Amino acid sequence: MPWKRRAERIGLVNMAVPGEKLAATVRELAGKILGNSREALAAYKYLYNRSQGDRLAAGLKLEAESDFTITDTEERISQFRKKD
(Lines give C-alpha, C1' and ligand atoms only; values in the text may rest on other atoms or scores of the structure.)
Protein backbone atom coordinates (compact mmCIF):
# COMPACT_ATOMS: atom_id res chain seq x y z
CA MET A 1 0.00 0.00 0.00
CA PRO A 2 2.87 2.51 0.50
CA TRP A 3 3.25 3.07 -3.27
CA LYS A 4 -0.45 3.99 -3.48
CA ARG A 5 -0.09 6.63 -0.79
CA ARG A 6 3.01 7.96 -2.52
CA ALA A 7 1.10 8.15 -5.81
CA GLU A 8 -1.51 10.29 -4.01
CA ARG A 9 1.12 12.46 -2.36
CA ILE A 10 2.93 13.29 -5.61
CA GLY A 11 -0.31 13.89 -7.55
CA LEU A 12 -0.15 10.84 -9.78
CA VAL A 13 -3.64 9.83 -8.62
CA ASN A 14 -6.41 11.73 -6.82
CA MET A 15 -6.92 9.03 -4.22
CA ALA A 16 -6.19 5.40 -3.54
CA VAL A 17 -8.70 3.15 -1.79
CA PRO A 18 -8.79 -0.55 -1.03
CA GLY A 19 -10.69 -2.65 -3.59
CA GLU A 20 -13.50 -3.42 -1.17
CA LYS A 21 -14.18 0.32 -0.73
CA LEU A 22 -13.94 1.24 -4.41
CA ALA A 23 -17.65 1.04 -5.34
CA ALA A 24 -18.74 3.05 -2.29
CA THR A 25 -16.04 5.65 -2.91
CA VAL A 26 -17.03 5.99 -6.56
CA ARG A 27 -20.71 6.44 -5.58
CA GLU A 28 -19.80 9.07 -3.03
CA LEU A 29 -17.61 11.00 -5.46
CA ALA A 30 -20.23 10.77 -8.24
CA GLY A 31 -22.84 12.10 -5.80
CA LYS A 32 -20.65 15.10 -5.00
CA ILE A 33 -20.12 15.79 -8.71
CA LEU A 34 -23.83 15.48 -9.47
CA GLY A 35 -24.58 17.90 -6.64
CA ASN A 36 -23.12 20.67 -8.77
CA SER A 37 -24.85 22.79 -11.38
CA ARG A 38 -25.90 20.82 -14.48
CA GLU A 39 -24.98 23.79 -16.63
CA ALA A 40 -21.51 24.09 -15.07
CA LEU A 41 -20.96 20.33 -15.39
CA ALA A 42 -21.92 20.52 -19.07
CA ALA A 43 -19.42 23.35 -19.58
CA TYR A 44 -16.65 21.42 -17.79
CA LYS A 45 -17.43 18.31 -19.81
CA TYR A 46 -17.38 20.23 -23.08
CA LEU A 47 -14.05 21.88 -22.24
CA TYR A 48 -12.54 18.59 -21.08
CA ASN A 49 -13.64 16.65 -24.16
CA ARG A 50 -12.81 19.43 -26.61
CA SER A 51 -9.34 20.10 -25.24
CA GLN A 52 -8.09 16.51 -25.06
CA GLY A 53 -4.67 16.39 -26.63
CA ASP A 54 -4.32 20.18 -26.72
CA ARG A 55 -1.40 21.94 -25.16
CA LEU A 56 -2.10 24.04 -22.08
CA ALA A 57 -2.10 27.33 -23.99
CA ALA A 58 -4.71 26.02 -26.46
CA GLY A 59 -6.91 24.72 -23.65
CA LEU A 60 -6.74 28.02 -21.79
CA LYS A 61 -7.55 29.89 -24.99
CA LEU A 62 -10.57 27.66 -25.60
CA GLU A 63 -11.79 28.25 -22.06
CA ALA A 64 -11.30 32.02 -22.32
CA GLU A 65 -13.11 32.21 -25.66
CA SER A 66 -16.01 29.94 -24.69
CA ASP A 67 -19.34 31.43 -23.74
CA PHE A 68 -21.56 29.25 -21.57
CA THR A 69 -24.96 30.13 -20.21
CA ILE A 70 -24.97 29.22 -16.55
CA THR A 71 -28.08 30.58 -14.90
CA ASP A 72 -27.55 29.42 -11.33
CA THR A 73 -24.28 31.21 -10.57
CA GLU A 74 -25.71 33.42 -7.84
CA GLU A 75 -27.43 30.45 -6.20
CA ARG A 76 -24.21 28.42 -6.22
CA ILE A 77 -22.18 31.32 -4.80
CA SER A 78 -24.70 31.89 -2.01
CA GLN A 79 -24.61 28.17 -1.13
CA PHE A 80 -20.80 28.34 -1.03
CA ARG A 81 -20.91 31.36 1.28
CA LYS A 82 -23.27 29.53 3.67
CA LYS A 83 -20.62 26.83 4.20
CA ASP A 84 -18.19 29.33 5.76
# chains A, B, ... in the order shown; residues from 1 in each chain; ligands from 1
call {"tool": "residues_around", "arguments": {"residues": "region 65-78 of chain A", "least_positions_apart": "5", "cutoff": "12 Å", "atoms": "only C-alpha atoms", "output": "JSON, numbers by chain"}}
result
{"A": [35, 36, 37, 38, 39, 40, 41, 42, 43, 44, 45, 46, 47, 50, 51, 58, 59, 60, 83, 84]}
call {"tool": "atom_distance", "arguments": {"atom1": "CA of Ala7 (chain A)", "atom2": "CA of Gly31 (chain A)"}}
result
24.3 Å
call {"tool": "atom_distance", "arguments": {"atom1": "CA of Ala30 (chain A)", "atom2": "CA of Gly11 (chain A)"}}
result
20.2 Å
call {"tool": "decode", "arguments": {"residues": "region 33-66 of chain A", "atoms": "N, CA and C atoms", "output": "JSON list (two decimals), in the first residue's frame"}}
result
[["chain", "number", "residue", "atom", "x", "y", "z"],
["A", 33, "ILE", "N", -20.18, 15.16, -7.38],
["A", 33, "ILE", "CA", -20.12, 15.79, -8.71],
["A", 33, "ILE", "C", -21.52, 16.16, -9.18],
["A", 34, "LEU", "N", -22.46, 15.23, -9.02],
["A", 34, "LEU", "CA", -23.83, 15.48, -9.47],
["A", 34, "LEU", "C", -24.55, 16.53, -8.63],
["A", 35, "GLY", "N", -24.00, 16.85, -7.47],
["A", 35, "GLY", "CA", -24.58, 17.90, -6.64],
["A", 35, "GLY", "C", -24.28, 19.29, -7.16],
["A", 36, "ASN", "N", -23.46, 19.39, -8.18],
["A", 36, "ASN", "CA", -23.12, 20.67, -8.77],
["A", 36, "ASN", "C", -24.13, 21.06, -9.85],
["A", 37, "SER", "N", -24.00, 22.26, -10.33],
["A", 37, "SER", "CA", -24.85, 22.79, -11.38],
["A", 37, "SER", "C", -24.76, 21.94, -12.65],
["A", 38, "ARG", "N", -25.90, 21.57, -13.21],
["A", 38, "ARG", "CA", -25.90, 20.82, -14.48],
["A", 38, "ARG", "C", -25.27, 21.64, -15.59],
["A", 39, "GLU", "N", -25.53, 22.92, -15.59],
["A", 39, "GLU", "CA", -24.98, 23.79, -16.63],
["A", 39, "GLU", "C", -23.45, 23.88, -16.50],
["A", 40, "ALA", "N", -22.96, 24.02, -15.29],
["A", 40, "ALA", "CA", -21.51, 24.09, -15.07],
["A", 40, "ALA", "C", -20.87, 22.75, -15.43],
["A", 41, "LEU", "N", -21.50, 21.65, -15.05],
["A", 41, "LEU", "CA", -20.96, 20.33, -15.39],
["A", 41, "LEU", "C", -20.89, 20.15, -16.90],
["A", 42, "ALA", "N", -21.92, 20.62, -17.61],
["A", 42, "ALA", "CA", -21.92, 20.52, -19.07],
["A", 42, "ALA", "C", -20.77, 21.34, -19.66],
["A", 43, "ALA", "N", -20.53, 22.51, -19.10],
["A", 43, "ALA", "CA", -19.42, 23.35, -19.58],
["A", 43, "ALA", "C", -18.08, 22.66, -19.32],
["A", 44, "TYR", "N", -17.90, 22.13, -18.11],
["A", 44, "TYR", "CA", -16.65, 21.42, -17.79],
["A", 44, "TYR", "C", -16.45, 20.24, -18.73],
["A", 45, "LYS", "N", -17.53, 19.49, -18.95],
["A", 45, "LYS", "CA", -17.43, 18.31, -19.81],
["A", 45, "LYS", "C", -17.06, 18.71, -21.24],
["A", 46, "TYR", "N", -17.70, 19.75, -21.74],
["A", 46, "TYR", "CA", -17.38, 20.23, -23.08],
["A", 46, "TYR", "C", -15.90, 20.61, -23.17],
["A", 47, "LEU", "N", -15.43, 21.43, -22.21],
["A", 47, "LEU", "CA", -14.05, 21.88, -22.24],
["A", 47, "LEU", "C", -13.08, 20.71, -22.12],
["A", 48, "TYR", "N", -13.40, 19.77, -21.25],
["A", 48, "TYR", "CA", -12.54, 18.59, -21.08],
["A", 48, "TYR", "C", -12.45, 17.79, -22.37],
["A", 49, "ASN", "N", -13.62, 17.47, -22.94],
["A", 49, "ASN", "CA", -13.64, 16.65, -24.16],
["A", 49, "ASN", "C", -13.01, 17.39, -25.35],
["A", 50, "ARG", "N", -13.29, 18.66, -25.47],
["A", 50, "ARG", "CA", -12.81, 19.43, -26.61],
["A", 50, "ARG", "C", -11.30, 19.66, -26.56],
["A", 51, "SER", "N", -10.75, 19.74, -25.36],
["A", 51, "SER", "CA", -9.34, 20.10, -25.24],
["A", 51, "SER", "C", -8.41, 18.90, -25.08],
["A", 52, "GLN", "N", -8.94, 17.69, -25.17],
["A", 52, "GLN", "CA", -8.09, 16.51, -25.06],
["A", 52, "GLN", "C", -7.00, 16.55, -26.13],
["A", 53, "GLY", "N", -5.78, 16.40, -25.70],
["A", 53, "GLY", "CA", -4.67, 16.39, -26.63],
["A", 53, "GLY", "C", -4.11, 17.78, -26.93],
["A", 54, "ASP", "N", -4.81, 18.81, -26.50],
["A", 54, "ASP", "CA", -4.32, 20.18, -26.72],
["A", 54, "ASP", "C", -3.21, 20.49, -25.73],
["A", 55, "ARG", "N", -2.39, 21.41, -26.10],
["A", 55, "ARG", "CA", -1.40, 21.94, -25.16],
["A", 55, "ARG", "C", -2.12, 22.89, -24.20],
["A", 56, "LEU", "N", -1.49, 23.19, -23.09],
["A", 56, "LEU", "CA", -2.10, 24.04, -22.08],
["A", 56, "LEU", "C", -2.57, 25.37, -22.66],
["A", 57, "ALA", "N", -1.75, 26.02, -23.43],
["A", 57, "ALA", "CA", -2.10, 27.33, -23.99],
["A", 57, "ALA", "C", -3.38, 27.24, -24.83],
["A", 58, "ALA", "N", -3.52, 26.19, -25.63],
["A", 58, "ALA", "CA", -4.71, 26.02, -26.46],
["A", 58, "ALA", "C", -5.94, 25.77, -25.60],
["A", 59, "GLY", "N", -5.79, 24.98, -24.55],
["A", 59, "GLY", "CA", -6.91, 24.72, -23.65],
["A", 59, "GLY", "C", -7.35, 25.97, -22.92],
["A", 60, "LEU", "N", -6.40, 26.76, -22.46],
["A", 60, "LEU", "CA", -6.74, 28.02, -21.79],
["A", 60, "LEU", "C", -7.41, 29.00, -22.74],
["A", 61, "LYS", "N", -6.94, 29.01, -23.99],
["A", 61, "LYS", "CA", -7.55, 29.89, -24.99],
["A", 61, "LYS", "C", -8.99, 29.47, -25.26],
["A", 62, "LEU", "N", -9.21, 28.16, -25.39],
["A", 62, "LEU", "CA", -10.57, 27.66, -25.60],
["A", 62, "LEU", "C", -11.47, 28.07, -24.45],
["A", 63, "GLU", "N", -10.99, 27.89, -23.22],
["A", 63, "GLU", "CA", -11.79, 28.25, -22.06],
["A", 63, "GLU", "C", -12.11, 29.74, -22.04],
["A", 64, "ALA", "N", -11.11, 30.57, -22.33],
["A", 64, "ALA", "CA", -11.30, 32.02, -22.32],
["A", 64, "ALA", "C", -12.28, 32.47, -23.40],
["A", 65, "GLU", "N", -12.27, 31.79, -24.54],
["A", 65, "GLU", "CA", -13.11, 32.21, -25.66],
["A", 65, "GLU", "C", -14.49, 31.57, -25.65],
["A", 66, "SER", "N", -14.72, 30.62, -24.75],
["A", 66, "SER", "CA", -16.01, 29.94, -24.69],
["A", 66, "SER", "C", -17.03, 30.80, -23.95]]
